[in-house]
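Input: a single structure, listed below in structure tokens.
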Amino acid sequence: PSDFRLTGRGAAKVVVLGAGVAGLTCAYELGKAGYECTVLEARDRVGGRSLTVRGGDEVPELSGETQRAEYGEDVYFNAGPGRIAQWMVTLDYCRELGVPIEPFINNNASAYVYNTGMKEPVRIRTARADLYGYIAELLAKATDAGALDRRLTEDDKERLVEFLRRFGDIGDKLTYEGSPRRGFAVYPGAKEGTPLGDPAPLADVLASGVGRAVTVDFGYEQAMPMFQPVGGMDAIVTALADAVGADRITTGARVTRIAHVSDGVEVSYRGPEGSGVVRADYCIATLPPHLLAKIPNDFGADVRAALAVPRPVAAGKIGIEYGRRWWELEDRIYGGITETDLDISHIWYPSHGYHGRRGLLVGYYNTEENALAYGRLPHRERLRRALAQGEKIHGEKYRRDVLSAVSVAWERQPYIEGAWVRWPSRGAAFSLLQRPAGRVYFAGDWLSHLIAWKAGAMESARQVVTALHRRVMTEP
Ligand code: PHE
């Protein structure tokens, strides 16, 4: 990307461990600056967690089960990352590499909220209208009654109430009595619309727990518009790998040892064609810290202790392919996400391929305990459980027209073993690993402040290659 360039030609050899987003970005940027890079990747494909599953793909798991995707043509499942915020450097790489992007609908008022205890799911627009409406009423009336007089002048009060009237659609009486914002049973057309009926009382709205669902997109990471590469998230890692050059990347190469030698590093691996050793001036290790720690190395006790600090987090997704886009046809949901407190957590509707014949839903995207619970099951059982949960929201049609499904439990993925990491605190260990251990540098989203985003891996990669390049250019 235009704002980032290593100036001057670096003449050194770098061995990069891992062909995920961090490793590929390192090799790509170093390659542009004249370095000779070799990338070793343990899995049989590049991309790491940037995994897009298509028909014919095999998805092995540590449990021993291997799924074979039966998806139809044009159907894909982003099993890892799925959305990109506008401010993220990921979009600069898409621009530079010519990867076309399209909007990803992260927030759809027509999607549902469904929490345990609800009689039926509620559209997000309805939940939002009721919550905002009642909150506006409470605050406006408290203001009117003088409860906030110590904080507000008469002018403040007037302006606040004026805003709250808009915010909650509460009228001159400052009372929430429902609003067209809730949506309709039958939407207006040639005839007047049929309203949904009256909102539930305030206490019921509060008890329904829709607060999380109507605020998930408030943060800077989740705000609309968000984006996705056209045709699958792996377009980014594919483009990076093409730019690096297939001849510089060895897949199926499992690193067995990392050691310093005079003026360099030596990385031993077991590869598709037997054992090998790569000698280089520098190494950039982008493996997950919990796996890197297990590889024999000479990093020193402090670095080894630091690698044990970040803890892997479990997450899982299932991509269910349907022969009919019933969410568009019957529910009028075009992209977006349904929020639920069930163990599936979310249902993602596709943000592309509208009105096509087939389509793929993400039937769960869960983390921690819920992800572990699904991960322990064989794939067929995961699907069964996901369908039973989704049926509570969408009814019986959720089971009809299922064509096939693939599920990924990230904590069970070979050479990955986690969806991302959590730092108990980003203290001394974090800063230590941001510096090299001798000639070995560390990079990855786990070393950034954007964990679980490709942008974190890219930013970390850029920081590391900058430091490495500065060292090469100033070393005698
Ligand atoms: N980036 C991932 C996602 O958007 C995980 C994540 C979720 C990270 C929410 C931060 C906040 O689903």
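To be explicit about the labels: the chains of the structure tokens are called A, B, and onward in the order shown, and within each one the residues are counted from 1, while ligands get numbers from 1 in the order they are shown.
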Q: Name the residues of range 202-264 of chain A that fall into strand (DSSP E or B) according to DSSP on the backbone, using the chain letters and numbers of this document, as a list in words.
A: Met226, Phe227, Gln228, Pro229, Ile249, Thr250, Thr251, Arg254, Val255, Thr256, Arg257, Ile258, Ala259, His260, Val261 and Gly264 of chain A
Q: List all protein, DNA and RNA residues that have any atom at most 8 Å from ligand 1, counting only C-alpha atoms and all ligand atoms, and write the list as a list in words.
A: Pro81, Gly82, Arg83, Ile84, Glu221, Gln222, Leu450, Ile451, Ala452, Trp453 and Lys454 of chain A
Selected residues written out, C-alpha atoms, as a CSV table (one decimal), in the first residue's frame:
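Result file is part-v4.csv:
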chain,number,residue,atom,x,y,z
A,81,PRO,CA,-12.4,-14.3,8.7
A,82,GLY,CA,-15.4,-12.9,7.0
A,83,ARG,CA,-15.5,-9.2,7.3
A,84,ILE,CA,-13.2,-6.2,6.9
A,221,GLU,CA,-14.4,-2.9,14.4
A,222,GLN,CA,-18.0,-3.8,13.5
A,450,LEU,CA,-6.0,-6.2,16.4
A,451,ILE,CA,-6.2,-9.8,17.4
A,452,ALA,CA,-8.5,-12.0,15.3
A,453,TRP,CA,-8.3,-9.6,12.3
A,454,LYS,CA,-6.2,-10.1,9.1
Q) If you measure from CA of Arg462 in chain A to CA of Ala22 in chain A, what distance in Å do you get, rounded to one decimal? A) 8.7 Å
Do you know which residues are at most 8 Å from Val440 in chain A counting only C-alpha atoms, after dropping those on the same chain fewer than 5 positions away, and could you put them as a PDB file with N, CA and C atoms, in the first residue's frame?
ATOM      1  N   VAL A 265      20.595 -18.030  10.940  1.00  0.00           N
ATOM      2  CA  VAL A 265      19.710 -18.993  11.610  1.00  0.00           C
ATOM      3  C   VAL A 265      19.543 -20.202  10.701  1.00  0.00           C
ATOM      4  N   TYR A 282      18.076 -14.195   8.570  1.00  0.00           N
ATOM      5  CA  TYR A 282      17.057 -13.905   9.585  1.00  0.00           C
ATOM      6  C   TYR A 282      15.883 -14.853   9.428  1.00  0.00           C
ATOM      7  N   CYS A 283      15.131 -14.956  10.502  1.00  0.00           N
ATOM      8  CA  CYS A 283      13.919 -15.769  10.486  1.00  0.00           C
ATOM      9  C   CYS A 283      12.765 -14.925  11.024  1.00  0.00           C
ATOM     10  N   ILE A 284      11.604 -15.070  10.403  1.00  0.00           N
ATOM     11  CA  ILE A 284      10.390 -14.482  10.983  1.00  0.00           C
ATOM     12  C   ILE A 284       9.423 -15.631  11.255  1.00  0.00           C
ATOM     13  N   ALA A 285       9.131 -15.826  12.531  1.00  0.00           N
ATOM     14  CA  ALA A 285       8.243 -16.922  12.925  1.00  0.00           C
ATOM     15  C   ALA A 285       6.850 -16.367  13.145  1.00  0.00           C
TER      16      ALA A 285
END
(Q) I want to know what sits within 7 Å of range 348-357 of chain A, based on only C-alpha atoms, with residues of the same chain fewer than 2 positions away left out; could you give that as a ChimeraX atom specification? (A) /A:104-105,323-325,334-338,346,359-363
Q. Per DSSP on the backbone, what are the alpha helix (DSSP H) residues of range 15-223 of chain A, as a ChimeraX atom specification?
A. /A:21-32,90-97,124-144,154-168,202-207
May I have the residues from that selection written out with C-alpha atoms, as a tab-separated table (two decimals), in the first residue's frame?
chain	number	residue	atom	x	y	z
A	21	VAL	CA	-1.58	-13.61	6.44
A	22	ALA	CA	1.37	-12.49	8.59
A	23	GLY	CA	3.92	-14.73	6.89
A	24	LEU	CA	2.73	-13.93	3.38
A	25	THR	CA	2.66	-10.19	4.09
A	26	CYS	CA	6.24	-10.38	5.41
A	27	ALA	CA	7.45	-12.28	2.34
A	28	TYR	CA	5.53	-9.97	0.02
A	29	GLU	CA	6.93	-6.75	1.49
A	30	LEU	CA	10.46	-8.12	1.85
A	31	GLY	CA	10.32	-9.41	-1.72
A	32	LYS	CA	9.48	-5.92	-2.98
A	90	THR	CA	-6.51	-5.18	4.64
A	91	LEU	CA	-8.40	-3.02	2.14
A	92	ASP	CA	-5.15	-1.36	1.03
A	93	TYR	CA	-3.76	-4.78	0.20
A	94	CYS	CA	-6.95	-5.58	-1.72
A	95	ARG	CA	-6.48	-2.40	-3.72
A	96	GLU	CA	-2.79	-3.00	-4.35
A	97	LEU	CA	-3.24	-6.65	-5.28
A	124	ILE	CA	-33.76	-6.36	15.00
A	125	ARG	CA	-35.62	-3.22	13.84
A	126	THR	CA	-38.44	-4.03	16.24
A	127	ALA	CA	-36.13	-4.73	19.16
A	128	ARG	CA	-34.26	-1.52	18.49
A	129	ALA	CA	-37.38	0.62	18.16
A	130	ASP	CA	-38.75	-0.67	21.47
A	131	LEU	CA	-35.50	-0.38	23.38
A	132	TYR	CA	-34.70	3.09	22.08
A	133	GLY	CA	-38.30	4.16	22.50
A	134	TYR	CA	-38.57	3.20	26.15
A	135	ILE	CA	-35.12	4.53	27.01
A	136	ALA	CA	-35.98	7.84	25.37
A	137	GLU	CA	-39.24	7.97	27.30
A	138	LEU	CA	-37.55	7.30	30.64
A	139	LEU	CA	-34.86	9.86	30.10
A	140	ALA	CA	-37.17	12.49	28.67
A	141	LYS	CA	-39.61	12.15	31.56
A	142	ALA	CA	-36.84	12.16	34.14
A	143	THR	CA	-35.50	15.32	32.51
A	144	ASP	CA	-38.92	16.90	32.45
A	154	GLU	CA	-32.95	24.73	30.97
A	155	ASP	CA	-31.42	24.97	27.49
A	156	ASP	CA	-29.67	21.63	27.86
A	157	LYS	CA	-32.90	20.03	28.96
A	158	GLU	CA	-34.80	21.38	26.02
A	159	ARG	CA	-32.16	20.20	23.56
A	160	LEU	CA	-31.92	16.81	25.18
A	161	VAL	CA	-35.66	16.24	25.09
A	162	GLU	CA	-35.77	17.42	21.50
A	163	PHE	CA	-33.15	14.78	20.64
A	164	LEU	CA	-34.88	12.06	22.65
A	165	ARG	CA	-38.12	12.68	20.80
A	166	ARG	CA	-36.29	11.77	17.61
A	167	PHE	CA	-34.21	9.01	19.14
A	168	GLY	CA	-37.19	7.13	20.52
A	202	LEU	CA	-40.93	-1.94	29.22
A	203	ALA	CA	-40.17	-4.63	31.77
A	204	ASP	CA	-40.65	-7.36	29.17
A	205	VAL	CA	-38.47	-5.56	26.64
A	206	LEU	CA	-35.72	-5.26	29.25
A	207	ALA	CA	-36.14	-8.89	30.28
Q) CA of Arg182 in chain A and CA of Asp169 in chain A, how far apart in Å? A) 10.6 Å
Q. Phe430 in chain A: which residues within 10 Å, counting only C-alpha atoms, same-chain residues fewer than 6 positions away excluded, as a PyMOL selection string?
A. chain A and resi 303+306-307+309-310+423+446-448
Writer output for current selection, C-alpha atoms, as a short mmCIF file (atom, residue, chain, number, x, y, z; two decimals), in the first residue's frame:
data_model
loop_
_atom_site.label_atom_id
_atom_site.label_comp_id
_atom_site.auth_asym_id
_atom_site.auth_seq_id
_atom_site.Cartn_x
_atom_site.Cartn_y
_atom_site.Cartn_z
CA VAL A 303 11.16 -15.71 25.36
CA ALA A 306 6.57 -15.18 27.12
CA LEU A 307 5.30 -17.51 24.39
CA VAL A 309 1.40 -16.25 28.14
CA PRO A 310 -1.15 -15.80 25.33
CA TRP A 423 -3.50 -12.14 26.43
CA TRP A 446 -1.38 -12.29 18.24
CA LEU A 447 1.36 -9.65 18.48
CA SER A 448 -0.91 -6.79 17.50
#
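Atom to atom, CA of Ala200 in chain A and CA of Tyr187 in chain A stand 20.3 Å apart.
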Q. Contacts of Gly178 in chain A at 7 Å or less, counting only C-alpha atoms, minus same-chain residues fewer than 2 places along, as a count of residues only?
A. 4
Q) If we count only C-alpha atoms, what is near Ala69 in chain A at a cut-off of 10 Å, once residues fewer than 2 positions away on the same chain are taken out, given as a list in words? A)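 Skipping anything fewer than 2 positions along the chain leaves Val53, Arg54, Gly55, Gly56, Asp57, Glu58, Val59, Thr66, Gln67, Tyr71, Gly72, Tyr76, Phe77, Gly319, Ser404, Ala405, Val406 and Ser407 of chain A.
Of the residues under consideration (A:Ala315, A:Ala85, A:Ala455, A:Leu383), A:Leu383 shows the shortest atom-to-atom contact distance to Tyr398 in chain A when counting only C-alpha atoms.
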